[in-house]
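**Q** File upload-v6.pdb below, PDB, C-alpha atoms:
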```pdb
ATOM      1  CA  MET A   1     122.465 -33.124  26.185
ATOM      2  CA  THR A   2     121.098 -32.439  22.751
ATOM      3  CA  ALA A   3     117.541 -33.082  21.708
ATOM      4  CA  ARG A   4     117.002 -35.943  19.337
ATOM      5  CA  ARG A   5     114.946 -35.316  16.253
ATOM      6  CA  GLY A   6     112.415 -37.735  14.861
ATOM      7  CA  ARG A   7     111.746 -39.539  18.108
ATOM      8  CA  GLY A   8     108.745 -39.321  20.368
ATOM      9  CA  ARG A   9     105.393 -37.806  19.754
ATOM     10  CA  PRO A  10     105.339 -35.051  17.100
ATOM     11  CA  THR A  11     104.249 -31.568  18.102
ATOM     12  CA  VAL A  12     100.625 -31.097  17.125
ATOM     13  CA  PHE A  13     100.006 -27.463  18.002
ATOM     14  CA  GLU A  14     103.163 -25.716  16.870
ATOM     15  CA  PRO A  15     103.371 -21.894  16.562
ATOM     16  CA  ALA A  16     102.338 -21.837  12.886
ATOM     17  CA  THR A  17      99.227 -23.873  13.692
ATOM     18  CA  ARG A  18      98.451 -21.591  16.651
ATOM     19  CA  THR A  19      98.606 -18.547  14.397
ATOM     20  CA  ALA A  20      96.351 -20.196  11.824
ATOM     21  CA  TYR A  21      93.912 -21.165  14.599
ATOM     22  CA  LEU A  22      93.743 -17.578  15.893
ATOM     23  CA  ASP A  23      93.290 -16.246  12.338
ATOM     24  CA  LEU A  24      90.356 -18.585  11.767
ATOM     25  CA  LEU A  25      88.782 -17.419  15.020
ATOM     26  CA  ARG A  26      89.251 -13.770  14.000
ATOM     27  CA  HIS A  27      87.508 -14.441  10.685
ATOM     28  CA  GLY A  28      84.390 -15.746  12.418
ATOM     29  CA  ALA A  29      84.993 -19.496  12.758
ATOM     30  CA  ARG A  30      83.855 -21.112  15.972
ATOM     31  CA  LEU A  31      86.320 -22.936  18.224
ATOM     32  CA  GLY A  32      85.445 -26.441  17.046
ATOM     33  CA  GLU A  33      85.217 -25.423  13.396
ATOM     34  CA  ALA A  34      88.675 -23.865  13.499
ATOM     35  CA  ALA A  35      90.187 -26.977  15.090
ATOM     36  CA  ASP A  36      88.466 -29.233  12.543
ATOM     37  CA  GLN A  37      89.757 -27.158   9.626
ATOM     38  CA  LEU A  38      93.319 -27.457  10.921
ATOM     39  CA  GLY A  39      93.003 -31.171  11.568
ATOM     40  CA  ILE A  40      93.639 -30.998  15.295
ATOM     41  CA  SER A  41      91.617 -32.178  18.245
ATOM     42  CA  ARG A  42      89.174 -29.683  19.699
ATOM     43  CA  ALA A  43      90.723 -30.300  23.122
ATOM     44  CA  THR A  44      94.249 -29.284  22.064
ATOM     45  CA  PRO A  45      93.679 -25.484  22.047
ATOM     46  CA  ALA A  46      91.621 -25.715  25.242
ATOM     47  CA  ARG A  47      94.451 -27.593  26.946
ATOM     48  CA  LEU A  48      96.971 -24.965  25.856
ATOM     49  CA  GLN A  49      94.710 -22.179  27.085
ATOM     50  CA  LYS A  50      94.838 -23.659  30.571
ATOM     51  CA  THR A  51      98.638 -23.733  30.635
ATOM     52  CA  ASP A  52      99.542 -20.613  28.601
ATOM     53  CA  PRO A  53      97.893 -17.367  29.773
ATOM     54  CA  GLY A  54      99.208 -15.465  26.740
ATOM     55  CA  PHE A  55      97.533 -17.880  24.345
ATOM     56  CA  ALA A  56      94.338 -17.764  26.432
ATOM     57  CA  ALA A  57      94.259 -13.953  26.140
ATOM     58  CA  ALA A  58      94.894 -14.174  22.384
ATOM     59  CA  VAL A  59      92.018 -16.663  21.995
ATOM     60  CA  GLU A  60      89.618 -14.412  23.917
ATOM     61  CA  GLU A  61      90.592 -11.423  21.760
ATOM     62  CA  ALA A  62      90.181 -13.486  18.576
ATOM     63  CA  ARG A  63      86.784 -14.772  19.730
ATOM     64  CA  ALA A  64      85.577 -11.208  20.373
ATOM     65  CA  VAL A  65      86.675 -10.103  16.901
ATOM     66  CA  GLY A  66      85.136 -13.218  15.350
ATOM     67  CA  ALA A  67      81.817 -12.585  17.105
ATOM     68  CA  LYS A  68      81.713  -9.095  15.595
ATOM     69  CA  VAL A  69      82.505 -10.520  12.155
ATOM     70  CA  ARG A  70      79.688 -13.081  12.455
ATOM     71  CA  ARG A  71      77.292 -10.394  13.693
ATOM     72  CA  GLU A  72      78.065  -8.172  10.725
ATOM     73  CA  GLY A  73      77.355 -11.084   8.385
ATOM     74  CA  VAL A  74      73.726 -11.336   9.517
ATOM     75  CA  PRO A  75      71.410  -9.624   7.001
ATOM     76  CA  HIS A  76      69.359  -6.657   8.141
ATOM     77  CA  GLY A  77      65.831  -7.607   9.157
ATOM     78  CA  GLU A  78      63.599  -8.571  12.064
ATOM     79  CA  TYR A  79      66.079 -11.072  13.559
ATOM     80  CA  ARG A  80      68.829  -8.492  13.644
ATOM     81  CA  TYR A  81      66.452  -5.964  15.249
ATOM     82  CA  ASN A  82      65.228  -8.350  17.959
ATOM     83  CA  VAL A  83      68.355 -10.367  18.754
ATOM     84  CA  LEU A  84      71.297  -8.176  17.799
ATOM     85  CA  GLU A  85      69.484  -4.943  18.722
ATOM     86  CA  CYS A  86      70.249  -3.182  15.439
ATOM     87  CA  ARG A  87      68.131  -0.034  15.235
ATOM     88  CA  CYS A  88      68.884   1.002  11.677
ATOM     89  CA  PRO A  89      65.880   2.054   9.517
ATOM     90  CA  VAL A  90      65.884  -1.224   7.564
ATOM     91  CA  CYS A  91      65.741  -3.424  10.676
ATOM     92  CA  THR A  92      63.207  -1.181  12.401
ATOM     93  CA  ARG A  93      60.888  -1.231   9.378
ATOM     94  CA  ALA A  94      61.208  -5.024   9.002
ATOM     95  CA  ALA A  95      60.425  -5.620  12.678
ATOM     96  CA  THR A  96      57.430  -3.268  12.589
ATOM     97  CA  GLN A  97      55.982  -4.954   9.497
ATOM     98  CA  ALA A  98      56.488  -8.429  10.963
ATOM     99  CA  ARG A  99      54.853  -7.437  14.255
ATOM    100  CA  THR A 100      51.909  -5.894  12.436
ATOM    101  CA  GLY A 101      51.483  -9.027  10.331
ATOM    102  CA  ARG A 102      51.486 -11.278  13.387
ATOM    103  CA  ARG A 103      48.945  -9.079  15.157
ATOM    104  CA  THR A 104      46.531  -9.139  12.217
ATOM    105  CA  GLU A 105      46.885 -12.930  11.938
ATOM    106  CA  ALA A 106      46.188 -13.364  15.644
ATOM    107  CA  ASN A 107      43.236 -10.977  15.740
ATOM    108  CA  PRO A 108      41.499 -11.011  12.360
ATOM    109  CA  ALA A 109      38.562  -8.651  12.005
ATOM    110  CA  THR A 110      35.676 -11.095  11.630
ATOM    111  CA  ASP A 111      31.979 -10.640  11.858
ATOM    112  CA  ALA A 112      31.560 -13.400  14.443
ATOM    113  CA  GLU A 113      29.064 -11.359  16.417
ATOM    114  CA  GLU A 114      26.844 -10.808  13.385
ATOM    115  CA  SER A 115      26.652 -14.363  12.055
ATOM    116  CA  PRO A 116      26.966 -17.408  14.324
ATOM    117  CA  ALA A 117      28.022 -19.602  11.370
ATOM    118  CA  ALA A 118      31.147 -17.481  10.909
ATOM    119  CA  ALA A 119      32.238 -18.138  14.496
ATOM    120  CA  GLY A 120      33.496 -21.644  13.689
ATOM    121  CA  ASP A 121      33.397 -24.576  16.083
ATOM    122  CA  VAL A 122      32.431 -22.791  19.270
ATOM    123  CA  HIS A 123      30.610 -24.882  21.834
ATOM    124  CA  PRO A 124      29.040 -23.165  24.813
ATOM    125  CA  ILE A 125      29.883 -24.531  28.243
ATOM    126  CA  ARG A 126      26.784 -25.947  29.925
ATOM    127  CA  LEU A 127      27.034 -26.476  33.627
ATOM    128  CA  GLY A 128      24.023 -28.799  33.726
ATOM    129  CA  GLY A 129      23.067 -28.109  37.282
ATOM    130  CA  ALA A 130      26.518 -28.321  38.877
ATOM    131  CA  ALA A 131      26.829 -25.991  41.829
ATOM    132  CA  VAL A 132      29.853 -23.850  42.396
ATOM    133  CA  GLY A 133      32.622 -25.863  44.042
ATOM    134  CA  GLU A 134      31.288 -29.280  42.986
ATOM    135  CA  SER A 135      33.157 -29.476  39.698
ATOM    136  CA  SER A 136      36.631 -28.346  38.841
ATOM    137  CA  THR A 137      37.625 -26.119  35.972
ATOM    138  CA  SER A 138      39.321 -29.044  34.256
ATOM    139  CA  PHE A 139      36.032 -30.948  34.290
ATOM    140  CA  LEU A 140      34.288 -27.986  32.671
ATOM    141  CA  LEU A 141      36.976 -27.695  30.008
ATOM    142  CA  ALA A 142      36.847 -31.431  29.296
ATOM    143  CA  ARG A 143      33.086 -31.323  29.070
ATOM    144  CA  ALA A 144      33.192 -28.360  26.693
ATOM    145  CA  SER A 145      35.482 -30.079  24.251
TER     146      SER A 145
END
```
What does this structure look like when you write it as structure tokens?
**A**
Amino acid sequence: MTARRGRGRPTVFEPATRTAYLDLLRHGARLGEAADQLGISRATPARLQKTDPGFAAAVEEARAVGAKVRREGVPHGEYRYNVLECRCPVCTRAATQARTGRRTEANPATDAEESPAAAGDVHPIRLGGAAVGESSTSFLLARAS
């Protein structure tokens, strides 16, 4: 029996589309982005991966290559040092400068001990005769605010 052409549901994920899908993945596109660019459902490649082990292996290889491509596209700086663990001189210097800046913002050198006006809105906690165990810490914090 010969196959009839033009009848039934058309093939959505033919070999040319599969190759284009894998190429998009290799160039750094994510799974959903690649499917959207080709005009196919995001579930179509996932369905084929479950039934075709060769295609599943090709997708995993393409995803690994694409992850490296995306990683290389990230500019050198603090993010790349902290998240991608790049230890080049540019990333190391950027991370050190950012850390130093955050530390100086968190702990500014003020003369709070010398002038009480420079201390800001600091209210001392007054127990007011409460004995130890009678009031909770939350009560003291609420009273201090």
**Q** Using the chain letters and numbers from the file, which residues does the PyMOL selection byres ((chain A and resi 17) around 12) grab, as an MDAnalysis selection string?
**A** chainID A and resid 11:16 18:24 34:35 37:40 44:45
**Q** Find the residues around Val69 in chain A up to 8 Å (all atoms listed in the file counted), leave out those fewer than 6 positions away in its own chain, and share them as a PyMOL selection string.
**A** chain A and resi 26-28
**Q** How many Å lie between CA of Asn107 in chain A and CA of Arg93 in chain A, rounded to one decimal?
**A**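 Here the two named atoms are 21.1 Å from each other.
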**Q** Using the chain letters and residue numbers of this document, give as a list in words the residues selected by the PyMOL selection byres ((chain A and resi 81) around 10).
**A**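 That selection, the PyMOL selection byres ((chain A and resi 81) around 10), comes back as His76, Gly77, Glu78, Tyr79, Arg80, Asn82, Val83, Leu84, Glu85, Cys86, Arg87, Cys88, Pro89, Val90, Cys91, Thr92, Arg93, Ala94, Ala95 and Thr96 of chain A.
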**Q** So how many Å separate CA of Val65 in chain A and CA of Gln49 in chain A, to one decimal?
**A**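 Atom-to-atom, CA of Val65 in chain A to CA of Gln49 in chain A, that is 17.7 Å.
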**Q** In Å, with one decimal, what is the gap from CA of Phe55 in chain A to CA of Arg71 in chain A?
**A** 24.1 Å
**Q** Please write as JSON, numbers by chain the full residue list that the PyMOL selection byres ((chain A and resi 63) around 9) yields on this file.
**A** {"A": [22, 25, 26, 28, 29, 30, 31, 58, 59, 60, 61, 62, 64, 65, 66, 67, 68]}
